[in-house]
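One file, run_31.pdb, carrying PDB, C-alpha atoms, pLDDT in the B column:
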ATOM      1  CA  MET U 436     227.416 110.372 286.244  1.00 53.00           C
ATOM      2  CA  ASP U 437     224.025 110.923 284.671  1.00 55.00           C
ATOM      3  CA  VAL U 438     223.486 114.058 282.696  1.00 56.00           C
ATOM      4  CA  LYS U 439     220.748 116.047 284.366  1.00 58.00           C
ATOM      5  CA  GLN U 440     217.776 116.616 282.114  1.00 63.00           C
ATOM      6  CA  THR U 441     217.036 120.337 281.980  1.00 85.00           C
ATOM      7  CA  SER U 442     214.022 120.542 279.773  1.00 91.00           C
ATOM      8  CA  MET U 443     210.982 118.488 278.887  1.00 93.00           C
ATOM      9  CA  LYS U 444     208.132 118.527 276.419  1.00 95.00           C
ATOM     10  CA  ILE U 445     204.680 118.836 277.844  1.00 96.00           C
ATOM     11  CA  LYS U 446     201.358 118.648 276.068  1.00 97.00           C
ATOM     12  CA  VAL U 447     198.736 121.204 277.038  1.00 98.00           C
ATOM     13  CA  LEU U 448     195.082 120.463 276.277  1.00 98.00           C
ATOM     14  CA  ALA U 449     192.743 123.258 275.217  1.00 98.00           C
ATOM     15  CA  PHE U 450     188.972 123.631 275.497  1.00 98.00           C
ATOM     16  CA  GLY U 451     186.375 126.178 274.429  1.00 97.00           C
ATOM     17  CA  ILE U 452     187.815 129.586 273.599  1.00 98.00           C
ATOM     18  CA  VAL U 453     191.376 128.355 274.289  1.00 98.00           C
ATOM     19  CA  LYS U 454     191.112 125.916 271.376  1.00 98.00           C
ATOM     20  CA  GLU U 455     190.569 128.966 269.190  1.00 97.00           C
ATOM     21  CA  ILE U 456     193.461 130.871 270.796  1.00 98.00           C
ATOM     22  CA  PHE U 457     195.796 127.889 270.235  1.00 98.00           C
ATOM     23  CA  SER U 458     194.200 127.141 266.831  1.00 98.00           C
ATOM     24  CA  ASN U 459     194.402 123.569 268.048  1.00 98.00           C
ATOM     25  CA  SER U 460     192.970 121.236 270.688  1.00 98.00           C
ATOM     26  CA  SER U 461     196.445 120.863 272.220  1.00 98.00           C
ATOM     27  CA  VAL U 462     199.942 122.317 271.989  1.00 98.00           C
ATOM     28  CA  GLU U 463     203.374 120.978 272.899  1.00 96.00           C
ATOM     29  CA  LEU U 464     205.731 123.158 274.888  1.00 95.00           C
ATOM     30  CA  ASP U 465     209.402 122.837 275.751  1.00 94.00           C
ATOM     31  CA  VAL U 466     209.660 123.768 279.395  1.00 95.00           C
ATOM     32  CA  ALA U 467     212.258 123.610 282.128  1.00 93.00           C
ATOM     33  CA  ASP U 468     212.197 120.659 284.470  1.00 93.00           C
ATOM     34  CA  GLY U 469     210.387 121.521 287.667  1.00 93.00           C
ATOM     35  CA  ILE U 470     208.281 124.261 286.102  1.00 96.00           C
ATOM     36  CA  ASN U 471     205.272 125.274 288.190  1.00 97.00           C
ATOM     37  CA  VAL U 472     201.771 126.218 287.090  1.00 98.00           C
ATOM     38  CA  GLU U 473     202.347 129.959 287.383  1.00 98.00           C
ATOM     39  CA  GLU U 474     205.510 129.786 285.252  1.00 97.00           C
ATOM     40  CA  LEU U 475     203.693 127.680 282.692  1.00 97.00           C
ATOM     41  CA  LYS U 476     200.957 130.337 282.463  1.00 98.00           C
ATOM     42  CA  THR U 477     203.576 133.036 281.907  1.00 97.00           C
ATOM     43  CA  LEU U 478     205.156 130.997 279.092  1.00 96.00           C
ATOM     44  CA  LEU U 479     201.799 130.366 277.468  1.00 97.00           C
ATOM     45  CA  GLU U 480     200.844 134.044 277.687  1.00 97.00           C
ATOM     46  CA  LEU U 481     204.066 134.998 275.910  1.00 97.00           C
ATOM     47  CA  ARG U 482     203.257 132.634 273.085  1.00 97.00           C
ATOM     48  CA  TYR U 483     199.488 133.283 273.099  1.00 98.00           C
ATOM     49  CA  PRO U 484     198.901 136.870 274.345  1.00 98.00           C
ATOM     50  CA  LYS U 485     195.143 136.500 273.775  1.00 98.00           C
ATOM     51  CA  LEU U 486     195.015 134.375 276.920  1.00 98.00           C
ATOM     52  CA  LYS U 487     195.407 137.629 278.862  1.00 97.00           C
ATOM     53  CA  GLN U 488     192.167 138.970 277.381  1.00 97.00           C
ATOM     54  CA  LEU U 489     190.132 136.221 279.049  1.00 97.00           C
ATOM     55  CA  VAL U 490     188.153 137.015 282.212  1.00 96.00           C
ATOM     56  CA  SER U 491     190.357 134.388 283.874  1.00 96.00           C
ATOM     57  CA  TYR U 492     191.647 130.918 283.243  1.00 98.00           C
ATOM     58  CA  LEU U 493     192.863 128.059 285.368  1.00 98.00           C
ATOM     59  CA  VAL U 494     195.218 125.172 284.821  1.00 98.00           C
ATOM     60  CA  ALA U 495     194.150 121.619 285.559  1.00 98.00           C
ATOM     61  CA  VAL U 496     196.707 118.928 286.299  1.00 98.00           C
ATOM     62  CA  ASN U 497     195.479 115.340 286.130  1.00 98.00           C
ATOM     63  CA  ASN U 498     191.842 116.450 286.094  1.00 98.00           C
ATOM     64  CA  GLU U 499     192.129 118.651 289.198  1.00 98.00           C
ATOM     65  CA  TYR U 500     192.347 122.441 289.423  1.00 98.00           C
ATOM     66  CA  ALA U 501     195.994 123.192 290.174  1.00 98.00           C
ATOM     67  CA  GLU U 502     197.552 125.715 292.576  1.00 97.00           C
ATOM     68  CA  ALA U 503     199.972 128.364 291.238  1.00 97.00           C
ATOM     69  CA  LEU U 504     203.039 126.766 292.820  1.00 97.00           C
ATOM     70  CA  GLN U 505     202.215 123.187 291.901  1.00 98.00           C
ATOM     71  CA  ILE U 506     205.036 121.521 289.918  1.00 97.00           C
ATOM     72  CA  VAL U 507     204.158 120.100 286.521  1.00 97.00           C
ATOM     73  CA  ASP U 508     205.673 116.743 285.632  1.00 95.00           C
ATOM     74  CA  VAL U 509     206.157 115.355 282.137  1.00 94.00           C
ATOM     75  CA  ARG U 510     203.717 112.521 282.928  1.00 95.00           C
ATOM     76  CA  ASP U 511     200.919 114.876 284.021  1.00 97.00           C
ATOM     77  CA  GLU U 512     197.860 115.623 281.941  1.00 97.00           C
ATOM     78  CA  VAL U 513     197.779 119.413 281.722  1.00 98.00           C
ATOM     79  CA  ALA U 514     194.779 121.400 280.517  1.00 98.00           C
ATOM     80  CA  ILE U 515     193.818 125.052 280.272  1.00 98.00           C
ATOM     81  CA  ILE U 516     190.387 125.764 281.725  1.00 98.00           C
ATOM     82  CA  PRO U 517     188.844 129.033 280.524  1.00 98.00           C
ATOM     83  CA  PRO U 518     185.769 130.383 282.395  1.00 98.00           C
ATOM     84  CA  VAL U 519     183.252 127.552 282.534  1.00 98.00           C
ATOM     85  CA  SER U 520     179.684 128.047 281.287  1.00 97.00           C
ATOM     86  CA  GLY U 521     177.854 124.741 281.590  1.00 96.00           C
ATOM     87  CA  GLY U 522     174.289 124.180 282.773  1.00 95.00           C
TER      88      GLY U 522
ATOM     89  CA  MET A 531     173.257 107.003 295.532  1.00 97.00           C
ATOM     90  CA  ILE A 532     174.845 109.021 292.773  1.00 98.00           C
ATOM     91  CA  ASP A 533     174.326 108.950 288.994  1.00 98.00           C
ATOM     92  CA  ILE A 534     176.576 111.212 286.919  1.00 98.00           C
ATOM     93  CA  GLN A 535     176.597 111.210 283.128  1.00 98.00           C
ATOM     94  CA  ILE A 536     177.815 113.267 280.210  1.00 98.00           C
ATOM     95  CA  SER A 537     176.251 112.357 276.899  1.00 98.00           C
ATOM     96  CA  ASP A 538     175.999 113.622 273.346  1.00 98.00           C
ATOM     97  CA  LYS A 539     172.532 112.027 273.084  1.00 97.00           C
ATOM     98  CA  PRO A 540     169.249 113.672 274.150  1.00 98.00           C
ATOM     99  CA  LEU A 541     168.639 113.404 277.899  1.00 98.00           C
ATOM    100  CA  ASN A 542     165.683 111.285 278.997  1.00 98.00           C
ATOM    101  CA  ILE A 543     163.972 113.393 281.659  1.00 98.00           C
ATOM    102  CA  GLN A 544     161.467 110.726 282.701  1.00 98.00           C
ATOM    103  CA  ALA A 545     164.231 108.143 283.110  1.00 98.00           C
ATOM    104  CA  CYS A 546     166.118 110.630 285.326  1.00 98.00           C
ATOM    105  CA  ILE A 547     163.069 111.101 287.554  1.00 98.00           C
ATOM    106  CA  ASP A 548     162.376 107.365 287.685  1.00 98.00           C
ATOM    107  CA  TRP A 549     165.967 106.746 288.791  1.00 98.00           C
ATOM    108  CA  ALA A 550     165.604 109.301 291.614  1.00 98.00           C
ATOM    109  CA  MET A 551     162.480 107.614 293.062  1.00 97.00           C
ATOM    110  CA  HIS A 552     163.059 106.076 296.471  1.00 96.00           C
ATOM    111  CA  PRO A 553     160.509 104.552 298.862  1.00 95.00           C
ATOM    112  CA  GLU A 554     161.884 106.570 301.809  1.00 95.00           C
ATOM    113  CA  CYS A 555     161.616 109.852 299.916  1.00 95.00           C
ATOM    114  CA  GLY A 556     158.630 112.185 299.971  1.00 96.00           C
ATOM    115  CA  GLY A 557     159.826 114.335 297.137  1.00 96.00           C
ATOM    116  CA  ILE A 558     162.078 114.690 294.131  1.00 97.00           C
ATOM    117  CA  ASP A 559     163.349 118.115 293.152  1.00 98.00           C
ATOM    118  CA  VAL A 560     164.198 118.347 289.458  1.00 98.00           C
ATOM    119  CA  PHE A 561     166.059 121.090 287.627  1.00 98.00           C
ATOM    120  CA  ILE A 562     165.843 121.005 283.846  1.00 98.00           C
ATOM    121  CA  GLY A 563     168.037 123.428 281.953  1.00 98.00           C
ATOM    122  CA  THR A 564     166.668 124.381 278.547  1.00 97.00           C
ATOM    123  CA  VAL A 565     168.118 126.276 275.594  1.00 96.00           C
ATOM    124  CA  ARG A 566     166.710 129.822 275.482  1.00 93.00           C
ATOM    125  CA  ASP A 567     166.112 131.655 272.198  1.00 93.00           C
ATOM    126  CA  LYS A 568     167.708 134.946 273.258  1.00 92.00           C
ATOM    127  CA  THR A 569     170.702 136.252 275.151  1.00 90.00           C
ATOM    128  CA  LYS A 570     170.657 139.946 276.106  1.00 88.00           C
ATOM    129  CA  GLY A 571     167.906 140.465 273.542  1.00 90.00           C
ATOM    130  CA  LYS A 572     169.869 138.858 270.732  1.00 92.00           C
ATOM    131  CA  GLN A 573     168.382 135.925 268.825  1.00 95.00           C
ATOM    132  CA  VAL A 574     170.221 132.651 269.466  1.00 95.00           C
ATOM    133  CA  ILE A 575     170.070 129.979 266.740  1.00 96.00           C
ATOM    134  CA  LYS A 576     171.641 127.135 268.696  1.00 96.00           C
ATOM    135  CA  LEU A 577     174.129 126.341 271.428  1.00 97.00           C
ATOM    136  CA  GLU A 578     177.161 124.121 271.385  1.00 98.00           C
ATOM    137  CA  PHE A 579     178.384 122.451 274.566  1.00 98.00           C
ATOM    138  CA  GLU A 580     181.873 121.064 274.972  1.00 98.00           C
ATOM    139  CA  SER A 581     183.248 119.260 278.014  1.00 98.00           C
ATOM    140  CA  TYR A 582     186.571 118.132 279.379  1.00 98.00           C
ATOM    141  CA  GLU A 583     184.834 114.898 280.086  1.00 98.00           C
ATOM    142  CA  ALA A 584     187.063 113.104 282.588  1.00 98.00           C
ATOM    143  CA  MET A 585     187.452 116.218 284.734  1.00 98.00           C
ATOM    144  CA  ALA A 586     183.808 117.256 284.361  1.00 98.00           C
ATOM    145  CA  ILE A 587     182.677 113.849 285.662  1.00 98.00           C
ATOM    146  CA  LYS A 588     185.091 114.200 288.575  1.00 98.00           C
ATOM    147  CA  GLU A 589     183.855 117.707 289.448  1.00 98.00           C
ATOM    148  CA  MET A 590     180.203 116.663 289.199  1.00 98.00           C
ATOM    149  CA  ARG A 591     180.933 113.733 291.493  1.00 98.00           C
ATOM    150  CA  LYS A 592     182.465 116.142 294.036  1.00 98.00           C
ATOM    151  CA  ILE A 593     179.255 118.176 293.989  1.00 98.00           C
ATOM    152  CA  ALA A 594     177.163 115.036 294.492  1.00 98.00           C
ATOM    153  CA  ASP A 595     179.419 113.872 297.349  1.00 98.00           C
ATOM    154  CA  ASP A 596     179.072 117.315 298.970  1.00 98.00           C
ATOM    155  CA  VAL A 597     175.305 117.151 298.658  1.00 98.00           C
ATOM    156  CA  LEU A 598     175.162 113.765 300.369  1.00 98.00           C
ATOM    157  CA  GLN A 599     177.337 115.173 303.182  1.00 98.00           C
ATOM    158  CA  LYS A 600     175.365 118.381 303.652  1.00 98.00           C
ATOM    159  CA  TRP A 601     171.741 117.274 303.302  1.00 98.00           C
ATOM    160  CA  PRO A 602     169.700 114.161 304.132  1.00 97.00           C
ATOM    161  CA  VAL A 603     169.432 113.334 300.437  1.00 98.00           C
ATOM    162  CA  LYS A 604     168.945 109.731 299.255  1.00 98.00           C
ATOM    163  CA  LYS A 605     169.698 110.045 295.564  1.00 98.00           C
ATOM    164  CA  ILE A 606     171.249 112.625 293.319  1.00 98.00           C
ATOM    165  CA  LEU A 607     171.482 112.526 289.539  1.00 98.00           C
ATOM    166  CA  ILE A 608     173.362 114.952 287.302  1.00 98.00           C
ATOM    167  CA  HIS A 609     173.207 114.438 283.537  1.00 98.00           C
ATOM    168  CA  HIS A 610     174.781 116.930 281.128  1.00 98.00           C
ATOM    169  CA  ARG A 611     174.563 116.972 277.373  1.00 98.00           C
ATOM    170  CA  THR A 612     177.292 117.951 274.922  1.00 98.00           C
ATOM    171  CA  GLY A 613     177.209 118.819 271.236  1.00 98.00           C
ATOM    172  CA  ILE A 614     174.907 121.119 269.311  1.00 98.00           C
ATOM    173  CA  LEU A 615     171.496 121.854 270.860  1.00 98.00           C
ATOM    174  CA  SER A 616     168.542 123.730 269.385  1.00 97.00           C
ATOM    175  CA  ILE A 617     166.099 126.045 271.173  1.00 96.00           C
ATOM    176  CA  GLY A 618     164.039 124.103 273.734  1.00 95.00           C
ATOM    177  CA  GLU A 619     166.448 121.188 273.976  1.00 97.00           C
ATOM    178  CA  VAL A 620     167.773 120.129 277.373  1.00 98.00           C
ATOM    179  CA  PRO A 621     171.478 120.499 278.229  1.00 98.00           C
ATOM    180  CA  VAL A 622     171.187 119.526 281.894  1.00 98.00           C
ATOM    181  CA  VAL A 623     168.964 117.525 284.227  1.00 98.00           C
ATOM    182  CA  ILE A 624     169.435 117.368 287.996  1.00 98.00           C
ATOM    183  CA  ALA A 625     167.195 115.211 290.172  1.00 98.00           C
ATOM    184  CA  VAL A 626     167.451 115.036 293.951  1.00 98.00           C
ATOM    185  CA  SER A 627     165.305 112.940 296.254  1.00 98.00           C
ATOM    186  CA  ALA A 628     164.932 113.348 299.991  1.00 97.00           C
ATOM    187  CA  ALA A 629     162.505 112.403 302.751  1.00 96.00           C
ATOM    188  CA  HIS A 630     161.327 116.032 302.999  1.00 96.00           C
ATOM    189  CA  ARG A 631     161.179 118.794 300.439  1.00 95.00           C
ATOM    190  CA  ALA A 632     163.388 121.432 302.074  1.00 97.00           C
ATOM    191  CA  ALA A 633     166.523 119.314 301.676  1.00 97.00           C
ATOM    192  CA  ALA A 634     165.635 118.375 298.095  1.00 97.00           C
ATOM    193  CA  PHE A 635     165.052 122.003 297.059  1.00 98.00           C
ATOM    194  CA  GLU A 636     168.227 123.301 298.713  1.00 98.00           C
ATOM    195  CA  ALA A 637     170.426 120.489 297.423  1.00 98.00           C
ATOM    196  CA  CYS A 638     169.112 120.846 293.873  1.00 98.00           C
ATOM    197  CA  ARG A 639     169.777 124.587 293.894  1.00 98.00           C
ATOM    198  CA  TYR A 640     173.257 124.067 295.311  1.00 98.00           C
ATOM    199  CA  THR A 641     173.984 121.477 292.632  1.00 98.00           C
ATOM    200  CA  ILE A 642     173.120 123.634 289.617  1.00 98.00           C
ATOM    201  CA  ASP A 643     174.737 126.763 291.127  1.00 98.00           C
ATOM    202  CA  THR A 644     177.985 124.911 291.861  1.00 98.00           C
ATOM    203  CA  LEU A 645     177.984 123.090 288.516  1.00 98.00           C
ATOM    204  CA  LYS A 646     177.908 126.445 286.761  1.00 98.00           C
ATOM    205  CA  GLN A 647     180.970 127.570 288.741  1.00 97.00           C
ATOM    206  CA  THR A 648     183.227 124.536 288.809  1.00 98.00           C
ATOM    207  CA  VAL A 649     182.450 121.921 286.160  1.00 98.00           C
ATOM    208  CA  PRO A 650     184.616 122.212 283.007  1.00 98.00           C
ATOM    209  CA  ILE A 651     181.853 122.475 280.422  1.00 98.00           C
ATOM    210  CA  TRP A 652     181.676 125.341 277.938  1.00 98.00           C
ATOM    211  CA  LYS A 653     178.801 126.816 275.982  1.00 97.00           C
ATOM    212  CA  LYS A 654     179.064 128.582 272.653  1.00 97.00           C
ATOM    213  CA  GLU A 655     176.144 130.731 271.533  1.00 97.00           C
ATOM    214  CA  ILE A 656     175.601 130.685 267.807  1.00 96.00           C
ATOM    215  CA  PHE A 657     173.853 133.703 266.266  1.00 95.00           C
ATOM    216  CA  GLU A 658     172.846 134.594 262.691  1.00 93.00           C
ATOM    217  CA  ASP A 659     175.974 136.714 262.368  1.00 94.00           C
ATOM    218  CA  GLY A 660     178.575 134.964 264.495  1.00 95.00           C
ATOM    219  CA  GLU A 661     179.271 132.978 267.610  1.00 96.00           C
ATOM    220  CA  ILE A 662     180.628 133.558 271.093  1.00 96.00           C
ATOM    221  CA  TRP A 663     182.015 131.424 273.919  1.00 97.00           C
ATOM    222  CA  VAL A 664     179.890 132.407 276.921  1.00 95.00           C
ATOM    223  CA  ALA A 665     181.709 134.101 279.862  1.00 94.00           C
ATOM    224  CA  ALA A 666     185.132 133.964 278.180  1.00 94.00           C
ATOM    225  CA  HIS A 667     185.655 137.718 277.775  1.00 94.00           C
ATOM    226  CA  PRO A 668     184.746 140.688 279.989  1.00 91.00           C
TER     227      PRO A 668
END
Here is the file; what I need is its structure written in the form of structure tokens.
Amino acid sequence: MDVKQTSMKIKVLAFGIVKEIFSNSSVELDVADGINVEELKTLLELRYPKLKQLVSYLVAVNNEYAEALQIVDVRDEVAIIPPVSGG
Amino acid sequence: MIDIQISDKPLNIQACIDWAMHPECGGIDVFIGTVRDKTKGKQVIKLEFESYEAMAIKEMRKIADDVLQKWPVKKILIHHRTGILSIGEVPVVIAVSAAHRAAAFEACRYTIDTLKQTVPIWKKEIFEDGEIWVAAHP
């Protein structure tokens, strides 16, 4: 019988102010299989409490804004989107 | 027709307008964003724009698709610059052509307003004594 994988490493991309909060343009996180976007945010906020000082921030999965309950897969491209200010 | 671009090179405003020309259109509405020298009375030295390029292109394309659905618009162009820009330089050009002006004006306004809300591009204001990512903190 296969051993069930219980955790995975995901890479989280950072932009703008979040690059400064992470002190990097991306971070790697060990997360549980089947983690959703909301749980990922909670994990990130534990490691980087300054995220909570932002007006808001969203998570993008594969270049689309993700819903709170969306599951994150190891193959997904995950990014943190702080308040945008283009134009 | 849609033309979306993100570039770290200066935007060519005339080329944007030329692209938007269409024989069936009676008008082109153009929005040109420019770098202002002050924010809340404080002197700005320069701005830095960063994008999440693949997603920004996708979000800009959604706006353009929406515009073509909502208004009788023939052509829409959205070009955004990244990198460091000085006062008076142009971070964004939007050009919209339509048979009649009302549609062009409304669609152009919708495009810049929505871009500012949804497209993952960030602006850092650089002052004499520091710098700040716009809109990040309350």
Report task. Rank U:Ser458, U:Ala501, U:Thr441, U:Pro518 by their smallest atom-to-atom distance to U:Leu489, using all atoms listed in the file, and report the top residue only. Result ->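 That would be U:Pro518, the residue with the smallest distance to U:Leu489.
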Query raised in the report: Using all atoms listed in the file, which chain A residues lie at most 8 Å away from chain U, written as a VMD selection string?
Result: chain A and resid 563 579 to 582 584 to 585 588 610 621 to 622 642 645 to 654 663 to 668
Requested in this report: Using the chain letters and numbering of this document, enumerate as JSON, numbers by chain the residues selected by the PyMOL selection byres ((chain A and resi 559) around 6).
Outcome: {"A": [558, 560, 625, 626, 634, 635]}
Report task. With the file shown as input, list the residues that the PyMOL selection byres ((chain A and resi 605) around 10) selects, as a ChimeraX atom specification. Result -> /A:531-533,549-552,555,558,594,597-598,602-604,606-607,625-628,634
Long-range neighbours of U:Ile470 as a PDB file with C-alpha atoms, in the frame of the given file, 10 Å cut-off, only C-alpha atoms, 6 positions minimum in chain:
ATOM      1  CA  SER U 442     214.022 120.542 279.773  1.00 91.00           C
ATOM      2  CA  MET U 443     210.982 118.488 278.887  1.00 93.00           C
ATOM      3  CA  LEU U 504     203.039 126.766 292.820  1.00 97.00           C
ATOM      4  CA  GLN U 505     202.215 123.187 291.901  1.00 98.00           C
ATOM      5  CA  ILE U 506     205.036 121.521 289.918  1.00 97.00           C
ATOM      6  CA  VAL U 507     204.158 120.100 286.521  1.00 97.00           C
ATOM      7  CA  ASP U 508     205.673 116.743 285.632  1.00 95.00           C
ATOM      8  CA  VAL U 509     206.157 115.355 282.137  1.00 94.00           C
TER       9      VAL U 509
END
**Report entry** Coordinates-based distance that separates atom CA of A:Thr612 from atom CA of A:Lys539 (Å, one decimal)
**Finding:**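 Pair atom CA of A:Lys539 / atom CA of A:Thr612 returns 7.8 Å.
Relative to atom CA of A:Gln573, atom CA of A:Val620 is found at 18.0 Å.
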Query raised in the report: What is the atom CA of A:Ile656-atom CA of U:Ile456 distance in Å, reported with one decimal?
Result: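 Spanning atom CA of A:Ile656 to atom CA of U:Ile456 is a straight-line distance of 18.1 Å.
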**Report entry** Selection dump of the PyMOL selection byres ((chain U and resi 462) around 7), as a list in words
**Finding:**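 Here the PyMOL selection byres ((chain U and resi 462) around 7) matches Lys446, Val447, Leu448, Asn459, Ser461, Glu463 and Leu464 of chain U.
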Could you dump the residues just selected with C-alpha atoms as a PDB file, keeping the file's coordinate frame?
ATOM      1  CA  LYS U 446     201.358 118.648 276.068  1.00 97.00           C
ATOM      2  CA  VAL U 447     198.736 121.204 277.038  1.00 98.00           C
ATOM      3  CA  LEU U 448     195.082 120.463 276.277  1.00 98.00           C
ATOM      4  CA  ASN U 459     194.402 123.569 268.048  1.00 98.00           C
ATOM      5  CA  SER U 461     196.445 120.863 272.220  1.00 98.00           C
ATOM      6  CA  GLU U 463     203.374 120.978 272.899  1.00 96.00           C
ATOM      7  CA  LEU U 464     205.731 123.158 274.888  1.00 95.00           C
TER       8      LEU U 464
END
Query raised in the report: Leaving out U:Glu474 and any residue of its chain fewer than 5 positions from it, which residues lie within 12 Å of it when counting all atoms listed in the file, given as a PyMOL selection string?
Result: chain U and resi 466-469+479-481+494+502-507
Report, as JSON, the axis-aligned box around all atoms of stretch 446-452 of chain U present in the file, extended by 4 Å on each side; give centre and edge lengths in Å to one decimal place.
{"center_x": 193.9, "center_y": 124.1, "center_z": 275.3, "size_x": 23.0, "size_y": 18.9, "size_z": 11.4}
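Restricting the calculation to only C-alpha atoms, the smallest distance between A:Ile608 and any of A:Phe561, A:Asp596, A:Arg631, A:Asp659 is found for A:Phe561.
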Query - Selection: 7 Å around A:Phe657, all atoms listed in the file, excl. self and same-chain fewer than 3 positions, as an MDAnalysis selection string - result: chainID A and resid 573:575 660:661
Starting from the incomplete input, reconstruct N, CA and C atoms of stretch 492-509 of chain U and report them as a PDB file, keeping the file's coordinate frame.
ATOM      1  N   TYR U 492     191.554 132.312 283.650  1.00 98.00           N
ATOM      2  CA  TYR U 492     191.647 130.918 283.243  1.00 98.00           C
ATOM      3  C   TYR U 492     192.453 130.167 284.279  1.00 98.00           C
ATOM      4  N   LEU U 493     192.174 128.891 284.384  1.00 98.00           N
ATOM      5  CA  LEU U 493     192.863 128.059 285.368  1.00 98.00           C
ATOM      6  C   LEU U 493     193.599 126.944 284.641  1.00 98.00           C
ATOM      7  N   VAL U 494     194.510 126.323 285.365  1.00 98.00           N
ATOM      8  CA  VAL U 494     195.218 125.172 284.821  1.00 98.00           C
ATOM      9  C   VAL U 494     194.757 123.950 285.611  1.00 98.00           C
ATOM     10  N   ALA U 495     194.470 122.886 284.889  1.00 98.00           N
ATOM     11  CA  ALA U 495     194.150 121.619 285.559  1.00 98.00           C
ATOM     12  C   ALA U 495     195.304 120.654 285.335  1.00 98.00           C
ATOM     13  N   VAL U 496     195.683 119.963 286.392  1.00 98.00           N
ATOM     14  CA  VAL U 496     196.707 118.928 286.299  1.00 98.00           C
ATOM     15  C   VAL U 496     196.072 117.613 286.746  1.00 98.00           C
ATOM     16  N   ASN U 497     196.102 116.643 285.860  1.00 98.00           N
ATOM     17  CA  ASN U 497     195.479 115.340 286.130  1.00 98.00           C
ATOM     18  C   ASN U 497     194.029 115.480 286.595  1.00 98.00           C
ATOM     19  N   ASN U 498     193.284 116.289 285.854  1.00 98.00           N
ATOM     20  CA  ASN U 498     191.842 116.450 286.094  1.00 98.00           C
ATOM     21  C   ASN U 498     191.480 117.123 287.417  1.00 98.00           C
ATOM     22  N   GLU U 499     192.438 117.878 287.991  1.00 98.00           N
ATOM     23  CA  GLU U 499     192.129 118.651 289.198  1.00 98.00           C
ATOM     24  C   GLU U 499     192.635 120.079 288.991  1.00 98.00           C
ATOM     25  N   TYR U 500     191.869 121.059 289.474  1.00 98.00           N
ATOM     26  CA  TYR U 500     192.347 122.441 289.423  1.00 98.00           C
ATOM     27  C   TYR U 500     193.660 122.535 290.199  1.00 98.00           C
ATOM     28  N   ALA U 501     194.657 123.169 289.584  1.00 98.00           N
ATOM     29  CA  ALA U 501     195.994 123.192 290.174  1.00 98.00           C
ATOM     30  C   ALA U 501     196.277 124.542 290.841  1.00 98.00           C
ATOM     31  N   GLU U 502     197.096 124.499 291.893  1.00 97.00           N
ATOM     32  CA  GLU U 502     197.552 125.715 292.576  1.00 97.00           C
ATOM     33  C   GLU U 502     198.716 126.320 291.790  1.00 97.00           C
ATOM     34  N   ALA U 503     198.935 127.639 291.982  1.00 97.00           N
ATOM     35  CA  ALA U 503     199.972 128.364 291.238  1.00 97.00           C
ATOM     36  C   ALA U 503     201.361 127.736 291.380  1.00 97.00           C
ATOM     37  N   LEU U 504     201.676 127.249 292.578  1.00 97.00           N
ATOM     38  CA  LEU U 504     203.039 126.766 292.820  1.00 97.00           C
ATOM     39  C   LEU U 504     203.197 125.260 292.612  1.00 97.00           C
ATOM     40  N   GLN U 505     202.141 124.629 292.156  1.00 98.00           N
ATOM     41  CA  GLN U 505     202.215 123.187 291.901  1.00 98.00           C
ATOM     42  C   GLN U 505     203.187 122.898 290.749  1.00 98.00           C
ATOM     43  N   ILE U 506     204.041 121.905 290.933  1.00 97.00           N
ATOM     44  CA  ILE U 506     205.036 121.521 289.918  1.00 97.00           C
ATOM     45  C   ILE U 506     204.368 120.634 288.863  1.00 97.00           C
ATOM     46  N   VAL U 507     204.708 120.901 287.616  1.00 97.00           N
ATOM     47  CA  VAL U 507     204.158 120.100 286.521  1.00 97.00           C
ATOM     48  C   VAL U 507     205.205 119.076 286.082  1.00 97.00           C
ATOM     49  N   ASP U 508     204.776 117.828 286.036  1.00 95.00           N
ATOM     50  CA  ASP U 508     205.673 116.743 285.632  1.00 95.00           C
ATOM     51  C   ASP U 508     205.341 116.322 284.203  1.00 95.00           C
ATOM     52  N   VAL U 509     206.324 115.747 283.540  1.00 94.00           N
ATOM     53  CA  VAL U 509     206.157 115.355 282.137  1.00 94.00           C
ATOM     54  C   VAL U 509     205.031 114.322 281.967  1.00 94.00           C
TER      55      VAL U 509
END
